[in-house]
Every structure is written in C-alpha cells, then in structure tokens.
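All remarks here apply to the structure that follows.
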Amino acid sequence: MGNPKKIPYGRQSIDEHDLKAVADALTSGWLTTGPKVSEFEQAIAKLSNVAHGVAVNSGTAALHAAMYAFEVKEGDEVIVPPMTFAASANCVAYMGATPVFADVDPDTLLLSPEKVEQLITPKTKGIIAVDYAGQPCDYDALRTIADKHGLFLAADACHSIGGNLNGKMVGSLADISLYSFHPVKHMTTGEGGMAVTDNPEYDRRMRIFRNHGITADFRQRDGWFYEMEDLGFNYRLTDFQCALGLSQLEKLEQWVERRREIAALYAAEFAGIKELAPLGLRPGANHAYHLYVIRLKGSDCTSKRKALFDHLRENGLGVQVHYIPVHLHPYYQKTFGTHEGMCPVAEEAYKGIISLPMFPTMEDSDVHHVVDIIKSASTSGVF
Ligand SMILES: *Cc1c(COP(=O)(O)O)cnc(C)c1O
C-alpha cells in the first residue's frame with residue numbers, strides 16, 4: 001500500500017504577507033510593547049465588537065488575567081465544564097480557588113446551564129463557559145443565571161473566534177472572553193492570547209497583571225518613577241507576534257468560512273453512517289469549527305473508538321481526542337477530590353469521540369480522502 005498520505009488534525013497557514021509583516025516589525029525598532037501591540041488589541045476588540053483587548057503571551061495567560069480581573073480568591077468556587085483543555089480550569093486553581101465541574105449537554109457537549117445552576121453555592125464567584133469545538137454556548141441562559149446570583153461570566157472562546165450567536169459576535173457574549181493564538185487555533189502568533197471586554201476596570205486590571213502588577217501610567221510621571229500595585233506576571237506579547245496576528249486576522253473570515261464548508265462536507269458524508277451520532281448544532285449559533293468531532297453511537301464505545309482511532313492513525317490521519325474530561329486528571333483528583341461519576345455525560349462522550357483533520361487549507365480531495373477511510377472502516381467492521 002506504500003506510505004499513506006499524511007493529514008494532521010490542524011495546521012497553521014503562513015504566507016508571504018505574514019513573513020513581510022513579521023520582518024517589518026522586527027526591523028521597526030520596537031520588539032515589544034510597541035505600536036503593533038495596541039493595533040492588534042484594537043483589531044481583535046473590533047472583531048469581537050467590544051471596547052478593549054489585552055494581548056498576552058498565551059490563551060492560558062489570558063484566562064489567568066481574567067480570573068485576576070474578577071478578583072477570584074482562595075475559598076471561591078468557579079464553575080467550569082469538564083469537556084475542555086485543562087487550562088480552562090487551571091486558571092481557577094492558579095488563584096487558590098476551586099474549580100467546580102458542571103456537566104455538559106449530551107447533544108452539543110457544551111456547558112449545561114441547568115447543571116451550572118444546580119452547583120451554585122454561597123462560595124460561587126463565577127462561570128467559565130467553553131465554546132467547545134467552536135460552537136458558542138447558551139449565553140442567554142448563562143447570563144440569566146449569572147445575573148440572578150451575582151456571578152461573573154467568562155467565555156473561553158479559544159475555539160470559537162470568528163463565530164457568532166444570533167448575530168452577536170463571539171467576544172461580546174460574556175464579561176470577559178479569551179482567545180488563544182497557538183498554531184493549532186484559527187489564527188496564530190506562535191504562542192499568544194487575548195482577553196477582550198467592554199469593562200474598563202477589567203481592562204485596567206488585566207493590563208497591570210500582564211506587566212508585573214505595575215501601574216500603567218508611570219510613563220506620564222517623572223520618567224523614572226513606577227509603582228508595583230499588586231503581584232503580577234510578565235505575560236506580554238511581542239510586537240512581531242502582534243504583527244503576525246494582524247496579518248493572520250485579515251484571513252480569519254475566509255478561513256472560518258472554509259472551515260464551515262469542510263464541516264458541511266463531512267456532515268453530508270457521515271449522515272449515512274449509522275454508527276456515528278453527530279454533535280448537535282444549537283439554533284442561532286454560528287459555529288467556527290476549531291474542531292470537527294465525530295462520535296460513535298451507543299454506550300461504552302471505548303474499544304470501538306480505540307480500533308477506529310488506531311485505524312485512522314495507521315492510514316496517515318493525525319486524529320486526536322478532545323478531551324479527557326479535566327476532572328479525571330490525577331492533579332484534579334488529588335487536589336480537589338474529583339472523581340469518575342461526577343460528570344457522567346462528559347465521561348460517556350469522551351469514550352466515543354475523535355477529532356478529524358480540520359484546517360482551512362484542506363482541499364475537498366483531502367476531506368474525501370478522510371471520508372473514504374472512515375467509510376471503508378465502517379463497511380469492513382473496524383467500528
Ligand atoms: C488552546 C486552549 C487554551 C489555552 O491556550 P494556550 O494559548 O495554548 O495557552 C485554553 N482553552 C481552550 C479551550 C483551548 O483550546
């Protein structure tokens with residue numbers, strides 16, 4: 001059979017325009033904390049239809065900065081879904097607070113507002129929703145719950161940049177929304193992230209936090225004077241990374257469009273495979289498709305999923321599983337006493353899911369290649 005064609009599950013696209021943007025920034029005299037940072041912040045805030053953007057050096061740093069902005073403290077509880085990358089919950093642990101895992105909806109695998117409400121206690125400080133795979137959560141229901149109980153609402157939008165909910169842009173659906181610009185995400189700065197918000201106080205706190213806790217207005221003073229008002233970090237993003245981000249941003253809309261086309265191709269082809277149960281699409285939610293996730297039907301698919309996963313890898317497809325439910329990681333079990341059985345929907349879903357190749361430079365022929373491998377695996381009884 002020879003070497004199978006290799007297709008990863010995600011891949012960045014870097015073109016000549018990106019190279020020139022980075023080269024220009026590198027020779028501009030500003031390597032960090034220069035004009036490209038605020039230009040990039042304003043551009044991402046504009047895309048998100050909010051007033052402020054704070055650029056940081058990862059999506060994880062953006063989540064951490066948001067928790068600082070919300071003044072999450074030891075003793076607080078923050079509700080998060082388990083079907084996400086660990087960073088969505090780690091940011092709560094960084095503050096000495098407790099992540100409380102609320103299960104997901106069985107159809108969409110998005111945070112269930114009903115489950116959130118059941119877990120609210122006097123210690124609950126806020127909710128972090130995660131737009132799993134790129135589909136915006138039910139922010140109307142989450143907002144109602146947050147307002148009723150006086151909680152903050154954050155959106156981990158690392159999968160959903162460029163998406164929208166009933167025409168409202170991702171980035172404008174929560175008090176603070178967080179993006180990642182890791183190469184596997186929709187657009188990249190190498191490493192990088194951003195927090196966007198309409199709230200000037202959150203914006204101010206996050207700016208201080210990414211720069212050691214030093215107040216931003218020192219430049220206007222004597223020239224040498226500054227004050228460290230609180231304990232922060234160095235979470236700054238460089239100018240040449242922001243230049244790359246600005247150049248990538250110009251292509252985001254067409255890339256999201258292409259991801260939607262690829263998803264539609266997959267969905268049409270898989271509709272006839274009775275062993276697959278597609279993830280649900282929420283009415284009004286305009287999916288940005290960071291991931292295309294297939295799910296095996298039936299309960300406890302562990303062995304069938306393993307067989308299909310191995311088969312796809314053997315055939316050159318860089319498939320992945322997103323995610324091992326966060327509360328099952330040893331750190332969470334030993335630190336917060338989480339355990340199997342706490343989020344049965346996420347735990348069951350985890351056993352049957354596989355993320356297929358999904359990136360904007362995939363050709364239709366690549367999509368059909370993936371489909372053919374899965375169809376022949378189905379007919380030959382691999383799953
Ligand atoms: C990628 C990702 C993060 C973390 O972003 P980094 O830039 O890798 O730190 C957080 N949450 C989710 C859901 C992600 O996919």
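Residue names in the structure tokens use chain letters A, B, ... in the order shown, residue numbers from 1 in each chain, and ligand numbers from 1 in the order shown.
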Selection: 6 Å around Ala133 (chain A), only C-alpha atoms, excl. self and same-chain fewer than 5 positions, as a ChimeraX atom specification:
/A:159,289-291
For Leu153 (chain A): contacts at 6 Å, only C-alpha atoms, fewer than 3 positions along chain excluded, given as a VMD selection string:
chain A and resid 126 to 127 174 to 175
Please report as CSV every residue of chain A lying within 7 Å of ligand 1, along with the nearest atom pair and their distance in Å (one decimal), using only C-alpha atoms and all ligand atoms.
residue,atom,partner,partner_atom_place_in_ligand_line,distance
A:Ser58,CA,ligand 1,7 (O),3.9
A:Gly59,CA,ligand 1,7 (O),3.5
A:Thr60,CA,ligand 1,9 (O),3.7
A:Ala61,CA,ligand 1,9 (O),6.5
A:Thr84,CA,ligand 1,13 (C),5.3
A:Phe85,CA,ligand 1,12 (C),5.0
A:Ala87,CA,ligand 1,10 (C),4.9
A:Ser88,CA,ligand 1,11 (N),5.0
A:Val130,CA,ligand 1,13 (C),6.2
A:Tyr132,CA,ligand 1,13 (C),6.8
A:Asp156,CA,ligand 1,11 (N),5.9
A:Ala157,CA,ligand 1,13 (C),6.8
A:Cys158,CA,ligand 1,14 (C),4.9
A:His159,CA,ligand 1,15 (O),5.7
A:Ser180,CA,ligand 1,7 (O),4.2
A:Phe181,CA,ligand 1,7 (O),5.7
A:His182,CA,ligand 1,7 (O),4.9
A:Lys185,CA,ligand 1,1 (C),6.9
A:Glu191,CA,ligand 1,7 (O),6.0
A:Gly192,CA,ligand 1,7 (O),5.6
A:Gly193,CA,ligand 1,7 (O),5.7
Residue neighbourhood Gly337 (chain A), 12 Å, only C-alpha atoms, exclusion window fewer than 3 positions, as a ChimeraX atom specification:
/A:98-101,327-334,340,342
Go ahead and dump the residues you just picked, all heavy atoms, as a short mmCIF file (atom, residue, chain, number, x, y, z; two decimals), in the first residue's frame.
data_model
loop_
_atom_site.label_atom_id
_atom_site.label_comp_id
_atom_site.auth_asym_id
_atom_site.auth_seq_id
_atom_site.Cartn_x
_atom_site.Cartn_y
_atom_site.Cartn_z
N THR A 98 -11.37 27.09 43.82
CA THR A 98 -11.76 25.72 43.49
C THR A 98 -12.58 25.67 42.21
O THR A 98 -13.66 26.27 42.15
CB THR A 98 -12.59 25.13 44.65
OG1 THR A 98 -11.80 25.18 45.83
CG2 THR A 98 -13.00 23.69 44.37
N PRO A 99 -12.09 24.93 41.19
CA PRO A 99 -12.94 24.72 40.02
C PRO A 99 -14.01 23.67 40.33
O PRO A 99 -13.70 22.62 40.89
CB PRO A 99 -11.97 24.19 38.95
CG PRO A 99 -10.67 23.97 39.62
CD PRO A 99 -10.80 24.26 41.08
N VAL A 100 -15.24 23.98 40.01
CA VAL A 100 -16.35 23.06 40.23
C VAL A 100 -16.86 22.65 38.85
O VAL A 100 -17.20 23.52 38.04
CB VAL A 100 -17.47 23.74 41.05
CG1 VAL A 100 -18.71 22.87 41.13
CG2 VAL A 100 -16.95 24.09 42.44
N PHE A 101 -16.86 21.35 38.59
CA PHE A 101 -17.16 20.89 37.24
C PHE A 101 -18.65 20.62 37.06
O PHE A 101 -19.22 19.76 37.72
CB PHE A 101 -16.34 19.63 36.92
CG PHE A 101 -14.87 19.92 36.87
CD1 PHE A 101 -14.07 19.77 38.01
CD2 PHE A 101 -14.28 20.40 35.71
CE1 PHE A 101 -12.71 20.07 37.97
CE2 PHE A 101 -12.93 20.70 35.66
CZ PHE A 101 -12.14 20.54 36.80
N HIS A 327 -11.73 16.83 35.05
CA HIS A 327 -11.83 16.38 36.45
C HIS A 327 -11.25 14.98 36.66
O HIS A 327 -11.09 14.56 37.79
CB HIS A 327 -13.28 16.45 36.94
CG HIS A 327 -14.18 15.45 36.26
ND1 HIS A 327 -14.56 15.58 34.96
CD2 HIS A 327 -14.76 14.32 36.72
CE1 HIS A 327 -15.36 14.56 34.64
NE2 HIS A 327 -15.49 13.78 35.69
N LEU A 328 -10.94 14.27 35.57
CA LEU A 328 -10.36 12.92 35.71
C LEU A 328 -8.83 12.95 35.74
O LEU A 328 -8.20 11.92 35.99
CB LEU A 328 -10.85 12.01 34.58
CG LEU A 328 -12.37 11.79 34.53
CD1 LEU A 328 -12.73 10.82 33.42
CD2 LEU A 328 -12.90 11.29 35.87
N HIS A 329 -8.23 14.10 35.48
CA HIS A 329 -6.76 14.17 35.55
C HIS A 329 -6.31 13.98 37.00
O HIS A 329 -6.96 14.46 37.93
CB HIS A 329 -6.25 15.51 35.03
CG HIS A 329 -6.31 15.62 33.53
ND1 HIS A 329 -5.60 14.76 32.71
CD2 HIS A 329 -6.99 16.45 32.72
CE1 HIS A 329 -5.85 15.08 31.44
NE2 HIS A 329 -6.69 16.09 31.42
N PRO A 330 -5.18 13.27 37.18
CA PRO A 330 -4.70 12.98 38.54
C PRO A 330 -4.57 14.23 39.41
O PRO A 330 -4.92 14.19 40.59
CB PRO A 330 -3.33 12.34 38.31
CG PRO A 330 -3.40 11.79 36.93
CD PRO A 330 -4.36 12.65 36.15
N TYR A 331 -4.09 15.33 38.83
CA TYR A 331 -3.94 16.56 39.63
C TYR A 331 -5.27 16.96 40.25
O TYR A 331 -5.34 17.31 41.44
CB TYR A 331 -3.38 17.70 38.77
CG TYR A 331 -3.48 19.04 39.49
CD1 TYR A 331 -2.56 19.40 40.48
CD2 TYR A 331 -4.53 19.93 39.21
CE1 TYR A 331 -2.68 20.59 41.17
CE2 TYR A 331 -4.65 21.13 39.88
CZ TYR A 331 -3.73 21.47 40.87
OH TYR A 331 -3.85 22.63 41.54
N TYR A 332 -6.33 16.95 39.46
CA TYR A 332 -7.65 17.37 39.96
C TYR A 332 -8.18 16.39 40.98
O TYR A 332 -8.76 16.79 42.01
CB TYR A 332 -8.62 17.60 38.79
CG TYR A 332 -8.35 18.96 38.20
CD1 TYR A 332 -7.50 19.12 37.11
CD2 TYR A 332 -8.84 20.11 38.81
CE1 TYR A 332 -7.18 20.37 36.63
CE2 TYR A 332 -8.53 21.37 38.35
CZ TYR A 332 -7.70 21.50 37.26
OH TYR A 332 -7.36 22.75 36.80
N GLN A 333 -7.98 15.08 40.72
CA GLN A 333 -8.47 14.08 41.67
C GLN A 333 -7.79 14.27 43.02
O GLN A 333 -8.45 14.25 44.07
CB GLN A 333 -8.22 12.68 41.12
CG GLN A 333 -8.91 12.48 39.76
CD GLN A 333 -9.38 11.04 39.53
OE1 GLN A 333 -9.67 10.32 40.47
NE2 GLN A 333 -9.46 10.65 38.27
N LYS A 334 -6.46 14.45 43.01
CA LYS A 334 -5.77 14.53 44.30
C LYS A 334 -5.90 15.90 44.97
O LYS A 334 -5.91 15.99 46.20
CB LYS A 334 -4.31 14.07 44.20
CG LYS A 334 -3.39 14.99 43.46
CD LYS A 334 -1.94 14.44 43.48
CE LYS A 334 -1.01 15.43 42.82
NZ LYS A 334 -0.39 14.95 41.59
N GLU A 340 -14.43 9.93 38.96
CA GLU A 340 -15.31 9.42 37.93
C GLU A 340 -16.73 9.35 38.48
O GLU A 340 -16.93 9.06 39.66
CB GLU A 340 -14.84 8.03 37.49
CG GLU A 340 -15.38 7.67 36.15
CD GLU A 340 -14.57 6.60 35.43
OE1 GLU A 340 -13.48 6.21 35.91
OE2 GLU A 340 -15.06 6.17 34.38
N MET A 342 -18.71 12.06 38.46
CA MET A 342 -19.16 13.43 38.76
C MET A 342 -19.83 14.09 37.56
O MET A 342 -20.73 14.92 37.74
CB MET A 342 -17.97 14.31 39.17
CG MET A 342 -17.48 14.05 40.57
SD MET A 342 -16.09 15.13 40.95
CE MET A 342 -16.96 16.55 41.59
#
Running DSSP on the backbone, which parts of region 1-82 of chain A land in strand (DSSP E or B), as an mmCIF file with N, CA, C and O atoms, in the first residue's frame?
data_model
loop_
_atom_site.group_PDB
_atom_site.id
_atom_site.type_symbol
_atom_site.label_atom_id
_atom_site.label_comp_id
_atom_site.auth_asym_id
_atom_site.auth_seq_id
_atom_site.Cartn_x
_atom_site.Cartn_y
_atom_site.Cartn_z
ATOM 1 N N ILE A 7 -2.262 13.569 6.826
ATOM 2 C CA ILE A 7 -3.046 14.802 7.050
ATOM 3 C C ILE A 7 -3.162 15.016 8.561
ATOM 4 O O ILE A 7 -3.699 14.162 9.253
ATOM 5 N N PRO A 8 -2.628 16.141 9.070
ATOM 6 C CA PRO A 8 -2.731 16.394 10.518
ATOM 7 C C PRO A 8 -4.154 16.817 10.892
ATOM 8 O O PRO A 8 -4.974 17.070 10.011
ATOM 9 N N THR A 32 9.035 44.817 21.514
ATOM 10 C CA THR A 32 7.927 44.519 22.433
ATOM 11 C C THR A 32 7.335 45.820 22.965
ATOM 12 O O THR A 32 8.006 46.865 22.919
ATOM 13 N N HIS A 52 -12.337 46.828 24.537
ATOM 14 C CA HIS A 52 -10.946 46.637 24.953
ATOM 15 C C HIS A 52 -10.414 45.239 24.619
ATOM 16 O O HIS A 52 -11.140 44.259 24.735
ATOM 17 N N GLY A 53 -9.114 45.192 24.291
ATOM 18 C CA GLY A 53 -8.418 43.925 24.130
ATOM 19 C C GLY A 53 -7.095 44.013 24.866
ATOM 20 O O GLY A 53 -6.431 45.050 24.815
ATOM 21 N N VAL A 54 -6.717 42.955 25.572
ATOM 22 C CA VAL A 54 -5.435 42.923 26.277
ATOM 23 C C VAL A 54 -4.642 41.735 25.734
ATOM 24 O O VAL A 54 -5.013 40.581 25.962
ATOM 25 N N ALA A 55 -3.562 42.029 24.998
ATOM 26 C CA ALA A 55 -2.750 40.973 24.392
ATOM 27 C C ALA A 55 -1.821 40.371 25.440
ATOM 28 O O ALA A 55 -1.197 41.107 26.212
ATOM 29 N N VAL A 56 -1.747 39.068 25.469
ATOM 30 C CA VAL A 56 -0.859 38.352 26.391
ATOM 31 C C VAL A 56 -0.186 37.212 25.627
ATOM 32 O O VAL A 56 -0.496 36.985 24.454
ATOM 33 N N GLU A 77 -15.421 29.514 44.543
ATOM 34 C CA GLU A 77 -15.670 28.436 43.585
ATOM 35 C C GLU A 77 -16.002 29.043 42.231
ATOM 36 O O GLU A 77 -16.707 30.060 42.162
ATOM 37 N N VAL A 78 -15.473 28.431 41.181
ATOM 38 C CA VAL A 78 -15.787 28.878 39.821
ATOM 39 C C VAL A 78 -16.238 27.649 39.035
ATOM 40 O O VAL A 78 -15.570 26.611 39.053
ATOM 41 N N ILE A 79 -17.363 27.779 38.370
ATOM 42 C CA ILE A 79 -17.952 26.637 37.658
ATOM 43 C C ILE A 79 -17.399 26.574 36.233
ATOM 44 O O ILE A 79 -17.396 27.574 35.503
ATOM 45 N N VAL A 80 -16.893 25.389 35.881
ATOM 46 C CA VAL A 80 -16.291 25.160 34.555
ATOM 47 C C VAL A 80 -16.799 23.820 34.009
ATOM 48 O O VAL A 80 -17.152 22.937 34.782
#
If you run DSSP on the backbone, which residues of region 66-282 of chain A are alpha helix (DSSP H), as a PyMOL selection string?
chain A and resi 66-69+87-94+113-118+139-149+200-209+239-270
Asp18 (chain A): which residues within 7 Å, counting only C-alpha atoms, same-chain residues fewer than 6 positions away excluded, as an mmCIF file with N, CA and C atoms, in the first residue's frame?
data_model
loop_
_atom_site.group_PDB
_atom_site.id
_atom_site.type_symbol
_atom_site.label_atom_id
_atom_site.label_comp_id
_atom_site.auth_asym_id
_atom_site.auth_seq_id
_atom_site.Cartn_x
_atom_site.Cartn_y
_atom_site.Cartn_z
ATOM 1 N N LEU A 244 2.297 39.563 13.233
ATOM 2 C CA LEU A 244 1.843 38.306 12.623
ATOM 3 C C LEU A 244 0.333 38.138 12.847
ATOM 4 N N SER A 247 -1.651 40.306 10.512
ATOM 5 C CA SER A 247 -1.626 39.773 9.156
ATOM 6 C C SER A 247 -2.527 38.536 9.040
ATOM 7 N N GLN A 248 -2.501 37.688 10.063
ATOM 8 C CA GLN A 248 -3.360 36.494 10.079
ATOM 9 C C GLN A 248 -4.842 36.885 10.150
#
One number please: CA of Gly316 (chain A) to CA of Ala268 (chain A), in Å, one decimal.
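CA of Ala268 (chain A) lies at a distance of 22.6 Å from CA of Gly316 (chain A).
The neighbours of Lys73 (chain A) here are the residues that come within 10 Å of it, using only C-alpha atoms and leaving out any residue fewer than 3 positions away in the same chain; they are Met67, Tyr68, Phe70, Asp76, Glu77, Val92, Ala93, Tyr94, Met95, Gly96, Ala97, Thr98 and Lys125 of chain A.
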If we count only C-alpha atoms and set the cut-off at 9 Å, which residues sit around Ala25 (chain A), ignoring sequence neighbours fewer than 5 positions away in its own chain? Please answer as a PDB file with N, CA, C and O atoms, in the first residue's frame.
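Full text of part-v5.pdb as output:
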ATOM      1  N   LYS A  20       6.418  39.102   5.613  1.00  0.00           N
ATOM      2  CA  LYS A  20       6.790  40.501   5.453  1.00  0.00           C
ATOM      3  C   LYS A  20       6.368  41.303   6.691  1.00  0.00           C
ATOM      4  O   LYS A  20       7.126  42.147   7.171  1.00  0.00           O
ATOM      5  N   TRP A  30      10.900  48.452  17.401  1.00  0.00           N
ATOM      6  CA  TRP A  30      10.091  48.018  18.550  1.00  0.00           C
ATOM      7  C   TRP A  30       9.995  46.497  18.530  1.00  0.00           C
ATOM      8  O   TRP A  30       9.358  45.945  17.644  1.00  0.00           O
ATOM      9  N   LEU A  31      10.577  45.834  19.495  1.00  0.00           N
ATOM     10  CA  LEU A  31      10.399  44.382  19.553  1.00  0.00           C
ATOM     11  C   LEU A  31       9.251  43.997  20.469  1.00  0.00           C
ATOM     12  O   LEU A  31       8.614  42.969  20.283  1.00  0.00           O
ATOM     13  N   LYS A  36       2.493  47.853  17.458  1.00  0.00           N
ATOM     14  CA  LYS A  36       1.752  46.707  16.908  1.00  0.00           C
ATOM     15  C   LYS A  36       0.879  46.044  17.971  1.00  0.00           C
ATOM     16  O   LYS A  36      -0.135  45.423  17.644  1.00  0.00           O
ATOM     17  N   ASP A 239       5.925  42.665  19.775  1.00  0.00           N
ATOM     18  CA  ASP A 239       5.406  43.410  18.618  1.00  0.00           C
ATOM     19  C   ASP A 239       5.408  42.577  17.347  1.00  0.00           C
ATOM     20  O   ASP A 239       4.480  42.660  16.542  1.00  0.00           O
ATOM     21  N   PHE A 240       6.456  41.768  17.163  1.00  0.00           N
ATOM     22  CA  PHE A 240       6.486  40.999  15.903  1.00  0.00           C
ATOM     23  C   PHE A 240       5.436  39.895  15.915  1.00  0.00           C
ATOM     24  O   PHE A 240       4.905  39.532  14.862  1.00  0.00           O
ATOM     25  N   GLN A 241       5.072  39.411  17.096  1.00  0.00           N
ATOM     26  CA  GLN A 241       3.967  38.445  17.162  1.00  0.00           C
ATOM     27  C   GLN A 241       2.633  39.126  16.863  1.00  0.00           C
ATOM     28  O   GLN A 241       1.774  38.565  16.180  1.00  0.00           O
ATOM     29  N   CYS A 242       2.493  40.349  17.383  1.00  0.00           N
ATOM     30  CA  CYS A 242       1.250  41.087  17.093  1.00  0.00           C
ATOM     31  C   CYS A 242       1.155  41.438  15.611  1.00  0.00           C
ATOM     32  O   CYS A 242       0.063  41.430  15.029  1.00  0.00           O
ATOM     33  N   ALA A 243       2.309  41.708  14.984  1.00  0.00           N
ATOM     34  CA  ALA A 243       2.316  41.976  13.539  1.00  0.00           C
ATOM     35  C   ALA A 243       1.851  40.727  12.785  1.00  0.00           C
ATOM     36  O   ALA A 243       1.069  40.820  11.823  1.00  0.00           O
ATOM     37  N   LEU A 244       2.297  39.563  13.233  1.00  0.00           N
ATOM     38  CA  LEU A 244       1.843  38.306  12.623  1.00  0.00           C
ATOM     39  C   LEU A 244       0.333  38.138  12.847  1.00  0.00           C
ATOM     40  O   LEU A 244      -0.399  37.777  11.925  1.00  0.00           O
TER      41      LEU A 244
END
Kindly assemble as a tab-separated table a list of the region 269-306 of chain A residues that lie within 9 Å of region 135-146 of chain A, each paired with its nearest atom pair and their distance in Å to one decimal, using only C-alpha atoms, sorted first by chain and then by ascending residue number.
residue	atom	partner	partner_atom	distance
A:Leu281	CA	A:Gln135	CA	7.7
A:Arg282	CA	A:Gln135	CA	8.0
A:Ala285	CA	A:Pro136	CA	5.9
A:Asn286	CA	A:Gln135	CA	6.7
A:His287	CA	A:Gln135	CA	4.4
A:Ala288	CA	A:Gln135	CA	6.3
A:Tyr289	CA	A:Gln135	CA	7.0
A:His290	CA	A:Gln135	CA	8.8
Please dump the current selection as an mmCIF file, in the first residue's frame; keep C-alpha atoms.
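Dumped to out-v8.cif:
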data_model
loop_
_atom_site.group_PDB
_atom_site.id
_atom_site.type_symbol
_atom_site.label_atom_id
_atom_site.label_comp_id
_atom_site.auth_asym_id
_atom_site.auth_seq_id
_atom_site.Cartn_x
_atom_site.Cartn_y
_atom_site.Cartn_z
ATOM 1 C CA LEU A 281 -25.934 22.309 16.481
ATOM 2 C CA ARG A 282 -27.688 24.994 18.525
ATOM 3 C CA ALA A 285 -25.192 29.533 16.932
ATOM 4 C CA ASN A 286 -22.798 30.189 14.079
ATOM 5 C CA HIS A 287 -20.073 27.592 14.627
ATOM 6 C CA ALA A 288 -16.424 28.494 13.934
ATOM 7 C CA TYR A 289 -15.266 24.834 13.751
ATOM 8 C CA HIS A 290 -11.933 24.796 15.504
#
What separation in Å, quoted to one decimal, exists between CA of Leu246 (chain A) and CA of Glu41 (chain A)?
9.2 Å
Selected residue, from A:Gly163, A:Pro113, A:Gly213, A:Pro106, that lies nearest to Ala277 (chain A) when counting only C-alpha atoms
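Using only C-alpha atoms, the shortest distance to Ala277 (chain A) belongs to A:Pro106.
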Between CA of Phe209 (chain A) and CA of Gly245 (chain A), measure the distance and give it in Å to one decimal.
21.6 Å
9 Å contact set for Asp364 (chain A), only C-alpha atoms, chain neighbours under 4 positions out, as a ChimeraX atom specification
/A:262,265,368-369
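With only C-alpha atoms as the atoms that count, the minimum distance from Ser13 (chain A) to the choices A:Pro325, A:Pro200, A:Gly190, A:Pro35 is reached by A:Gly190.
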